[in-house]
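Note: the block below is input.txt and it holds compact mmCIF, C-alpha atoms.
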# COMPACT_ATOMS: atom_id res chain seq x y z
CA LYS R 1 -26.05 1.59 21.99
CA ALA R 2 -24.45 0.09 18.87
CA PHE R 3 -24.74 1.55 15.38
CA GLY R 4 -22.84 0.07 12.46
CA GLY R 5 -20.89 -2.20 14.79
CA VAL R 6 -19.66 0.69 16.97
CA LYS R 7 -20.86 1.12 20.54
CA TYR R 8 -21.93 4.67 21.38
CA PRO R 9 -22.37 5.67 25.02
CA LEU R 10 -25.70 6.91 26.34
CA VAL R 11 -24.94 10.23 28.05
CA MET R 12 -27.47 11.29 30.66
CA GLY R 13 -28.20 15.01 30.93
CA GLY R 14 -28.29 17.88 28.46
CA TYR R 15 -25.83 19.51 26.09
CA LYS R 16 -23.35 20.46 28.83
CA ALA R 17 -23.18 16.84 29.99
CA MET R 18 -22.53 15.66 26.44
CA ARG R 19 -19.89 18.34 25.90
CA ARG R 20 -18.13 17.39 29.13
CA TYR R 21 -18.23 13.72 28.17
CA LEU R 22 -16.76 14.38 24.72
CA ILE R 23 -13.95 16.53 26.12
CA ASP R 24 -13.01 13.88 28.68
CA ASP R 25 -13.29 11.08 26.15
CA MET R 26 -11.14 12.95 23.64
CA GLU R 27 -8.42 13.40 26.25
CA GLN R 28 -8.56 9.66 26.94
CA SER R 29 -8.24 8.91 23.22
CA ILE R 30 -5.25 11.24 22.88
CA GLN R 31 -3.50 9.43 25.72
CA GLU R 32 -4.40 5.87 24.71
CA LEU R 33 -4.53 5.62 20.91
CA PRO R 34 -1.26 4.81 19.10
CA PHE R 35 -1.08 7.81 16.80
CA VAL R 36 1.35 8.04 13.88
CA MET R 37 1.76 11.33 12.04
CA VAL R 38 2.14 11.69 8.29
CA GLY R 39 4.73 14.40 7.76
CA GLY R 40 6.24 15.99 4.70
CA ARG R 41 6.69 19.25 2.87
CA THR R 42 3.82 21.38 1.56
CA GLY R 43 2.42 19.81 -1.62
CA SER R 44 3.90 16.38 -0.95
CA GLY R 45 0.41 14.86 -0.95
CA LYS R 46 0.02 14.06 2.74
CA THR R 47 -3.78 14.35 2.76
CA HIS R 48 -4.08 12.19 -0.35
CA LEU R 49 -1.88 9.52 1.26
CA LEU R 50 -3.76 9.75 4.55
CA GLN R 51 -7.09 9.06 2.85
CA ARG R 52 -5.72 5.84 1.38
CA LEU R 53 -4.99 4.42 4.83
CA GLN R 54 -7.30 2.16 6.83
CA ARG R 55 -7.46 4.13 10.09
CA PHE R 56 -7.03 7.88 9.97
CA VAL R 57 -8.46 11.19 11.13
CA ASP R 58 -8.56 14.00 8.58
CA LEU R 59 -8.04 17.05 10.79
CA GLU R 60 -8.17 19.43 7.84
CA GLY R 61 -11.42 17.83 6.67
CA LEU R 62 -12.97 18.31 10.11
CA ALA R 63 -11.79 21.95 10.13
CA HIS R 64 -13.03 22.61 6.56
CA HIS R 65 -9.61 24.07 5.77
CA ARG R 66 -6.55 22.81 3.93
CA GLY R 67 -4.11 24.17 6.42
CA SER R 68 -2.04 26.79 4.54
CA SER R 69 -2.47 30.50 3.84
CA PHE R 70 -4.41 29.42 0.74
CA GLY R 71 -6.31 26.58 2.40
CA GLY R 72 -9.65 28.23 3.08
CA LEU R 73 -12.62 26.56 1.39
CA VAL R 74 -15.85 28.13 0.20
CA GLU R 75 -17.76 26.17 2.82
CA GLU R 76 -17.95 27.82 6.23
CA GLU R 77 -15.53 26.61 8.88
CA PRO R 78 -17.17 24.96 11.90
CA SER R 79 -17.18 26.63 15.29
CA GLN R 80 -14.38 25.64 17.65
CA ILE R 81 -16.81 23.63 19.77
CA ASN R 82 -18.24 21.77 16.78
CA PHE R 83 -14.73 21.04 15.51
CA GLU R 84 -13.71 19.58 18.86
CA ASN R 85 -16.94 17.59 19.16
CA ALA R 86 -16.48 16.11 15.68
CA LEU R 87 -12.86 15.22 16.49
CA ALA R 88 -13.87 13.59 19.77
CA ILE R 89 -16.49 11.46 18.00
CA GLU R 90 -14.01 10.35 15.32
CA LEU R 91 -11.53 9.30 17.99
CA LEU R 92 -14.24 7.55 20.00
CA LYS R 93 -15.24 5.47 16.96
CA LEU R 94 -11.63 4.51 16.28
CA ARG R 95 -10.96 3.58 19.90
CA GLU R 96 -14.11 1.45 20.05
CA THR R 97 -13.06 -0.56 16.99
CA SER R 98 -9.48 -1.01 18.24
CA SER R 99 -7.35 0.60 20.92
CA THR R 100 -4.14 -1.03 19.63
CA LEU R 101 -4.14 -0.44 15.86
CA PRO R 102 -2.37 2.76 14.77
CA VAL R 103 -4.35 5.89 13.94
CA PHE R 104 -2.77 8.14 11.31
CA ILE R 105 -3.09 11.91 11.37
CA GLU R 106 -1.43 14.63 9.35
CA GLU R 107 1.35 16.58 11.04
CA GLU R 108 -0.16 20.02 11.68
CA GLY R 109 0.51 23.28 13.44
CA ARG R 110 -1.74 24.24 16.34
CA ARG R 111 -4.04 26.26 14.06
CA ILE R 112 -5.92 24.93 11.02
CA GLY R 113 -7.60 27.94 9.48
CA ARG R 114 -9.47 29.58 12.35
CA ARG R 115 -9.71 26.39 14.38
CA MET R 116 -7.27 25.34 17.08
CA LEU R 117 -6.20 21.79 17.82
CA PRO R 118 -6.75 20.74 21.44
CA LEU R 119 -3.60 21.71 23.32
CA SER R 120 -3.00 18.17 24.58
CA LEU R 121 -3.14 16.77 21.03
CA HIS R 122 -0.82 19.39 19.62
CA GLN R 123 1.63 18.95 22.48
CA ALA R 124 1.65 15.19 21.93
CA MET R 125 2.32 15.78 18.23
CA ILE R 126 5.35 17.87 19.17
CA ASP R 127 6.64 15.72 22.03
CA ARG R 128 5.97 12.06 21.39
CA PHE R 129 3.96 10.95 18.34
CA PRO R 130 6.17 9.13 15.81
CA THR R 131 6.16 10.20 12.17
CA ILE R 132 6.32 8.71 8.71
CA LEU R 133 7.79 11.17 6.19
CA LEU R 134 6.37 11.47 2.69
CA GLU R 135 9.12 12.46 0.24
CA THR R 136 7.90 13.86 -3.09
CA PRO R 137 9.86 15.49 -5.96
CA MET R 138 9.41 19.22 -6.47
CA GLU R 139 7.67 18.90 -9.85
CA GLU R 140 5.08 16.55 -8.38
CA ARG R 141 4.58 18.87 -5.42
CA ILE R 142 3.91 21.78 -7.75
CA GLN R 143 1.26 19.82 -9.63
CA THR R 144 -0.33 18.62 -6.37
CA CYS R 145 -0.61 22.22 -5.14
CA ILE R 146 -2.20 23.35 -8.41
CA LYS R 147 -4.66 20.47 -8.29
CA ASP R 148 -5.60 21.06 -4.66
CA TYR R 149 -5.74 24.86 -4.66
CA VAL R 150 -6.89 25.62 -8.22
CA ILE R 151 -8.30 22.70 -10.22
CA ASP R 152 -10.27 21.07 -7.38
CA LEU R 153 -11.11 24.29 -5.54
CA PHE R 154 -12.41 26.52 -8.33
CA PRO R 155 -15.58 24.45 -9.02
CA HIS R 156 -16.68 25.15 -5.43
CA PHE R 157 -16.55 28.87 -6.23
CA VAL R 158 -18.61 28.32 -9.37
CA SER R 159 -21.30 26.36 -7.52
CA ASN R 160 -21.48 28.97 -4.76
CA TYR R 161 -21.17 32.24 -6.71
CA GLY R 162 -21.93 31.47 -10.36
CA LEU R 163 -19.30 31.47 -13.10
CA LYS R 164 -18.89 35.25 -13.53
CA ASP R 165 -18.48 36.08 -9.84
CA ALA R 166 -16.44 32.91 -9.23
CA TYR R 167 -13.43 34.32 -11.10
CA VAL R 168 -13.59 37.56 -9.10
CA LYS R 169 -13.91 35.77 -5.75
CA PHE R 170 -11.22 33.23 -6.64
CA ARG R 171 -8.77 35.98 -7.65
CA GLN R 172 -9.43 37.81 -4.39
CA LYS R 173 -8.85 34.63 -2.40
CA GLN R 174 -5.47 33.95 -4.03
CA LEU R 175 -4.24 37.51 -3.59
CA ASP R 176 -5.52 37.66 0.00
CA GLY R 177 -3.52 34.50 0.72
CA LEU R 178 -0.37 36.20 -0.55
CA GLY R 179 -1.18 39.25 1.55
CA ARG R 180 -1.24 37.14 4.71
CA ILE R 181 2.35 36.03 4.19
CA GLN R 182 3.68 39.29 2.73
CA LYS R 183 5.95 40.14 5.66
CA LYS R 184 7.54 36.70 5.78
CA LEU R 185 7.96 36.59 2.00
CA GLY R 186 9.61 39.99 1.91
CA PRO R 187 8.87 42.75 -0.62
CA LYS R 188 10.98 41.23 -3.43
CA TYR R 189 9.27 37.85 -3.58
CA HIS R 190 5.82 39.16 -2.66
CA LYS R 191 5.84 41.62 -5.56
CA LEU R 192 7.15 38.95 -7.96
CA ILE R 193 4.61 36.29 -6.95
CA VAL R 194 1.66 38.71 -6.96
CA ARG R 195 2.53 39.59 -10.56
CA GLN R 196 2.96 35.93 -11.55
CA VAL R 197 -0.27 34.84 -9.87
CA SER R 198 -2.20 37.74 -11.39
CA GLU R 199 -0.97 36.76 -14.85
CA ALA R 200 -1.79 33.09 -14.17
CA LEU R 201 -5.32 34.07 -13.12
CA ASP R 202 -5.75 36.09 -16.34
CA VAL R 203 -4.80 33.06 -18.44
CA PHE R 204 -6.94 30.76 -16.30
CA GLU R 205 -10.00 32.95 -16.83
CA SER R 206 -9.42 33.57 -20.54
CA SER R 207 -9.13 29.80 -21.08
CA ASN R 208 -12.41 29.17 -19.24
CA GLY R 209 -10.58 27.55 -16.35
CA GLN R 210 -8.61 25.12 -18.53
CA ASP R 211 -5.05 26.52 -18.59
CA THR R 212 -3.36 26.29 -15.18
CA SER R 213 0.23 26.31 -16.45
CA GLY R 214 0.76 29.89 -15.29
CA PHE R 215 0.53 28.78 -11.67
CA GLU R 216 3.61 26.54 -11.94
CA GLU R 217 6.27 29.25 -11.60
CA PRO R 218 4.77 31.15 -8.63
CA THR R 219 3.97 27.85 -6.89
CA GLU R 220 7.58 26.71 -7.14
CA THR R 221 8.79 30.08 -5.84
CA LEU R 222 6.40 29.86 -2.87
CA LEU R 223 7.54 26.33 -2.06
CA ARG R 224 11.27 27.10 -2.31
CA GLU R 225 11.31 30.53 -0.69
CA TYR R 226 8.56 30.28 1.93
CA TYR R 227 7.16 26.84 2.73
CA ASP R 228 10.34 24.75 2.56
CA PRO R 229 12.45 27.02 4.82
CA MET R 230 9.56 27.13 7.31
CA TYR R 231 9.26 23.33 7.22
CA ASP R 232 13.00 22.89 7.73
CA TYR R 233 12.96 25.19 10.76
CA GLN R 234 9.95 23.50 12.35
CA SER R 235 11.40 20.03 11.72
CA ARG R 236 14.55 20.98 13.62
CA THR R 237 12.77 22.58 16.56
CA LYS R 238 9.30 21.05 16.92
CA ARG R 239 9.47 17.29 16.42
CA GLY R 240 10.26 15.16 19.46
CA GLY R 241 8.97 11.79 18.27
CA HIS R 242 11.13 9.56 16.12
CA VAL R 243 10.77 8.96 12.38
CA LEU R 244 9.51 5.43 11.72
CA HIS R 245 9.96 5.41 7.94
CA ARG R 246 10.36 7.70 4.95
CA GLY R 247 9.86 7.45 1.22
CA ASN R 248 7.43 8.13 -1.60
CA ALA R 249 3.73 7.37 -1.37
CA GLN R 250 3.97 3.75 -2.53
CA VAL R 251 6.90 3.02 -0.22
CA LEU R 252 4.92 4.35 2.74
CA LEU R 253 1.73 2.50 1.76
CA ASP R 254 3.66 -0.77 1.64
CA TRP R 255 5.30 -0.03 4.98
CA VAL R 256 1.97 0.90 6.64
CA GLU R 257 0.41 -2.38 5.49
CA LYS R 258 3.16 -4.36 7.25
CA TYR R 259 3.06 -2.07 10.28
CA MET R 260 -0.70 -2.62 10.66
CA GLU R 261 -0.27 -6.38 10.46
CA LYS R 262 2.42 -6.29 13.12
CA SER R 263 0.29 -4.03 15.36
CA GLY R 264 -2.78 -6.24 15.00

For this file, write the structure as structure tokens.
Amino acid sequence: KAFGGVKYPLVMGGYKAMRRYLIDDMEQSIQELPFVMVGGRTGSGKTHLLQRLQRFVDLEGLAHHRGSSFGGLVEEEPSQINFENALAIELLKLRETSSTLPVFIEEEGRRIGRRMLPLSLHQAMIDRFPTILLETPMEERIQTCIKDYVIDLFPHFVSNYGLKDAYVKFRQKQLDGLGRIQKKLGPKYHKLIVRQVSEALDVFESSNGQDTSGFEEPTETLLREYYDPMYDYQSRTKRGGHVLHRGNAQVLLDWVEKYMEKSG
């Protein structure tokens, strides 16, 4: 049957038959679709760039998680099965509209929050999918992190918990995120950043959620001392596909437009 110009298969049988169909179809999509990954350092704005492209799958959106130690949202993460089903359906829709036009996805680790990428997809990301690299200055990365993990996220806490409890829950979330990476940060930087974040949260609350400047210093420390070294290591050891292009967001948008025309 066709809905909105996309043909959807009629699967005979119950839930198990549908689940089996989606798994098989997802594996076919992973093998056949011309994926291109959007890579770049934490805070470079990969998700924002991805959502400006014509054909993409937002893996973090499907997982209800932004992919870092601080990426958990207020909304509940889907079950693994529901995550895989939603991914399979997204890929099915893209394959039905075109099997030759590129599909852009964000470069991810195997785990996004509590959800796991299908092994075949993650292995293809490591072994063969090409990449475009988003290069963003440090200052812009800091502001992107603050926007994503404070400015845009805090209103979700307010709507779910009410203003008074939102500050308590939000503080706990930030400090829990630091606790998860304590060993890798080391005692020196963990103690420093906990103090800086705690002070930033105090200012944020006393300003009624208006002053986020206190997050700039700990965010830069986290990027320089934790996320960037981890990214450098993974780039050297876990990227088999070649880099198609690199540059800032506008450079990549211009390149993608030409690449899509050539692929079509």

Next item on the list: For Met116 (chain R), list every protein, DNA or RNA residue within 10 Å, evaluated using only C-alpha atoms, and leave out those in the same chain fewer than 3 positions away; present the list as a PyMOL selection string.
Entry: chain R and resi 63+80+83-84+109-113+119+122

Those selected residues, please, written with C-alpha atoms and delivered as a PDB file, keeping the file's coordinate frame.
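The resulting file, again.pdb, is reproduced below:
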ATOM      1  CA  ALA R  63     -11.790  21.950  10.130  1.00  0.00           C
ATOM      2  CA  GLN R  80     -14.380  25.640  17.650  1.00  0.00           C
ATOM      3  CA  PHE R  83     -14.730  21.040  15.510  1.00  0.00           C
ATOM      4  CA  GLU R  84     -13.710  19.580  18.860  1.00  0.00           C
ATOM      5  CA  GLY R 109       0.510  23.280  13.440  1.00  0.00           C
ATOM      6  CA  ARG R 110      -1.740  24.240  16.340  1.00  0.00           C
ATOM      7  CA  ARG R 111      -4.040  26.260  14.060  1.00  0.00           C
ATOM      8  CA  ILE R 112      -5.920  24.930  11.020  1.00  0.00           C
ATOM      9  CA  GLY R 113      -7.600  27.940   9.480  1.00  0.00           C
ATOM     10  CA  LEU R 119      -3.600  21.710  23.320  1.00  0.00           C
ATOM     11  CA  HIS R 122      -0.820  19.390  19.620  1.00  0.00           C
TER      12      HIS R 122
END

Check: R:Glu139, R:Glu199, R:Glu32, R:Glu108: which is nearest Leu59 (chain R), counting all atoms listed in the file?
Finding: R:Glu108

Margin query: Under the rule that all atoms listed in the file are counted, which of R:Glu90, R:Asp127, R:Glu135, R:Glu76 is the nearest residue to Gly247 (chain R)?
Written below: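 Closest candidate: R:Glu135.
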
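The neighbours of Pro34 (chain R) here are the residues that come within 7 Å of it, using all atoms listed in the file and leaving out any residue fewer than 5 positions away in the same chain; they are Thr100, Leu101, Pro102 and Val103 of chain R.
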
Output the selection as an mmCIF file, in the frame of the given file - C-alpha atoms for each residue.
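Saved result, selection.cif, follows:
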data_model
loop_
_atom_site.group_PDB
_atom_site.id
_atom_site.type_symbol
_atom_site.label_atom_id
_atom_site.label_comp_id
_atom_site.auth_asym_id
_atom_site.auth_seq_id
_atom_site.Cartn_x
_atom_site.Cartn_y
_atom_site.Cartn_z
ATOM 1 C CA THR R 100 -4.140 -1.030 19.630
ATOM 2 C CA LEU R 101 -4.140 -0.440 15.860
ATOM 3 C CA PRO R 102 -2.370 2.760 14.770
ATOM 4 C CA VAL R 103 -4.350 5.890 13.940
#

Check: Rounded to one decimal in Å, what is the spacing between CA of Leu91 (chain R) and CA of Gly45 (chain R)?
Finding: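 Interatomic distance, CA of Leu91 (chain R) to CA of Gly45 (chain R): 23.1 Å.
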
As a short mmCIF file (atom, residue, chain, number, x, y, z; two decimals), in the coordinates of the input, could you write out region 195-206 of chain R once it has been completed with all heavy atoms?
data_model
loop_
_atom_site.label_atom_id
_atom_site.label_comp_id
_atom_site.auth_asym_id
_atom_site.auth_seq_id
_atom_site.Cartn_x
_atom_site.Cartn_y
_atom_site.Cartn_z
N ARG R 195 2.58 39.38 -9.10
CA ARG R 195 2.53 39.59 -10.56
C ARG R 195 2.32 38.27 -11.29
O ARG R 195 1.47 38.16 -12.19
CB ARG R 195 3.82 40.26 -11.05
CG ARG R 195 3.86 40.46 -12.56
CD ARG R 195 5.14 41.15 -13.01
NE ARG R 195 6.33 40.40 -12.65
CZ ARG R 195 6.76 39.32 -13.33
NH1 ARG R 195 6.08 38.87 -14.37
NH2 ARG R 195 7.88 38.72 -12.96
N GLN R 196 3.07 37.23 -10.89
CA GLN R 196 2.96 35.93 -11.55
C GLN R 196 1.57 35.31 -11.35
O GLN R 196 0.99 34.77 -12.30
CB GLN R 196 4.03 34.98 -11.01
CG GLN R 196 5.45 35.35 -11.41
CD GLN R 196 6.49 34.49 -10.73
OE1 GLN R 196 6.25 33.93 -9.66
NE2 GLN R 196 7.65 34.36 -11.36
N VAL R 197 1.05 35.41 -10.14
CA VAL R 197 -0.27 34.84 -9.87
C VAL R 197 -1.35 35.61 -10.62
O VAL R 197 -2.30 35.02 -11.16
CB VAL R 197 -0.55 34.81 -8.35
CG1 VAL R 197 -2.02 34.49 -8.07
CG2 VAL R 197 0.35 33.79 -7.67
N SER R 198 -1.22 36.93 -10.67
CA SER R 198 -2.20 37.74 -11.39
C SER R 198 -2.23 37.36 -12.87
O SER R 198 -3.30 37.22 -13.48
CB SER R 198 -1.88 39.23 -11.24
OG SER R 198 -1.99 39.62 -9.88
N GLU R 199 -1.05 37.17 -13.45
CA GLU R 199 -0.97 36.76 -14.85
C GLU R 199 -1.55 35.35 -15.04
O GLU R 199 -2.24 35.08 -16.02
CB GLU R 199 0.48 36.81 -15.33
CG GLU R 199 1.03 38.23 -15.43
CD GLU R 199 2.52 38.27 -15.72
OE1 GLU R 199 3.14 37.18 -15.75
OE2 GLU R 199 3.06 39.37 -15.91
N ALA R 200 -1.26 34.46 -14.10
CA ALA R 200 -1.79 33.09 -14.17
C ALA R 200 -3.32 33.10 -14.10
O ALA R 200 -3.99 32.33 -14.81
CB ALA R 200 -1.21 32.25 -13.04
N LEU R 201 -3.87 33.96 -13.25
CA LEU R 201 -5.32 34.07 -13.12
C LEU R 201 -5.95 34.62 -14.40
O LEU R 201 -7.04 34.20 -14.79
CB LEU R 201 -5.67 34.94 -11.92
CG LEU R 201 -5.43 34.30 -10.55
CD1 LEU R 201 -5.40 35.37 -9.46
CD2 LEU R 201 -6.48 33.25 -10.24
N ASP R 202 -5.27 35.56 -15.06
CA ASP R 202 -5.75 36.09 -16.34
C ASP R 202 -5.86 34.98 -17.38
O ASP R 202 -6.88 34.86 -18.09
CB ASP R 202 -4.82 37.19 -16.86
CG ASP R 202 -4.88 38.46 -16.02
OD1 ASP R 202 -5.87 38.64 -15.29
OD2 ASP R 202 -3.92 39.26 -16.10
N VAL R 203 -4.81 34.16 -17.48
CA VAL R 203 -4.80 33.06 -18.44
C VAL R 203 -5.85 32.02 -18.07
O VAL R 203 -6.56 31.49 -18.94
CB VAL R 203 -3.40 32.42 -18.51
CG1 VAL R 203 -3.41 31.16 -19.38
CG2 VAL R 203 -2.37 33.42 -19.03
N PHE R 204 -5.95 31.74 -16.79
CA PHE R 204 -6.94 30.76 -16.30
C PHE R 204 -8.35 31.19 -16.69
O PHE R 204 -9.15 30.38 -17.19
CB PHE R 204 -6.80 30.65 -14.78
CG PHE R 204 -7.72 29.64 -14.14
CD1 PHE R 204 -7.56 28.29 -14.39
CD2 PHE R 204 -8.71 30.05 -13.26
CE1 PHE R 204 -8.39 27.35 -13.77
CE2 PHE R 204 -9.55 29.13 -12.65
CZ PHE R 204 -9.39 27.77 -12.90
N GLU R 205 -8.66 32.47 -16.51
CA GLU R 205 -10.00 32.95 -16.83
C GLU R 205 -10.23 32.99 -18.34
O GLU R 205 -11.30 32.58 -18.82
CB GLU R 205 -10.22 34.34 -16.23
CG GLU R 205 -11.61 34.89 -16.48
CD GLU R 205 -11.89 36.19 -15.72
OE1 GLU R 205 -11.03 36.62 -14.93
OE2 GLU R 205 -12.99 36.75 -15.93
N SER R 206 -9.25 33.46 -19.08
CA SER R 206 -9.42 33.57 -20.54
C SER R 206 -9.54 32.21 -21.21
O SER R 206 -10.08 32.10 -22.32
CB SER R 206 -8.27 34.36 -21.16
OG SER R 206 -7.04 33.68 -20.99
#
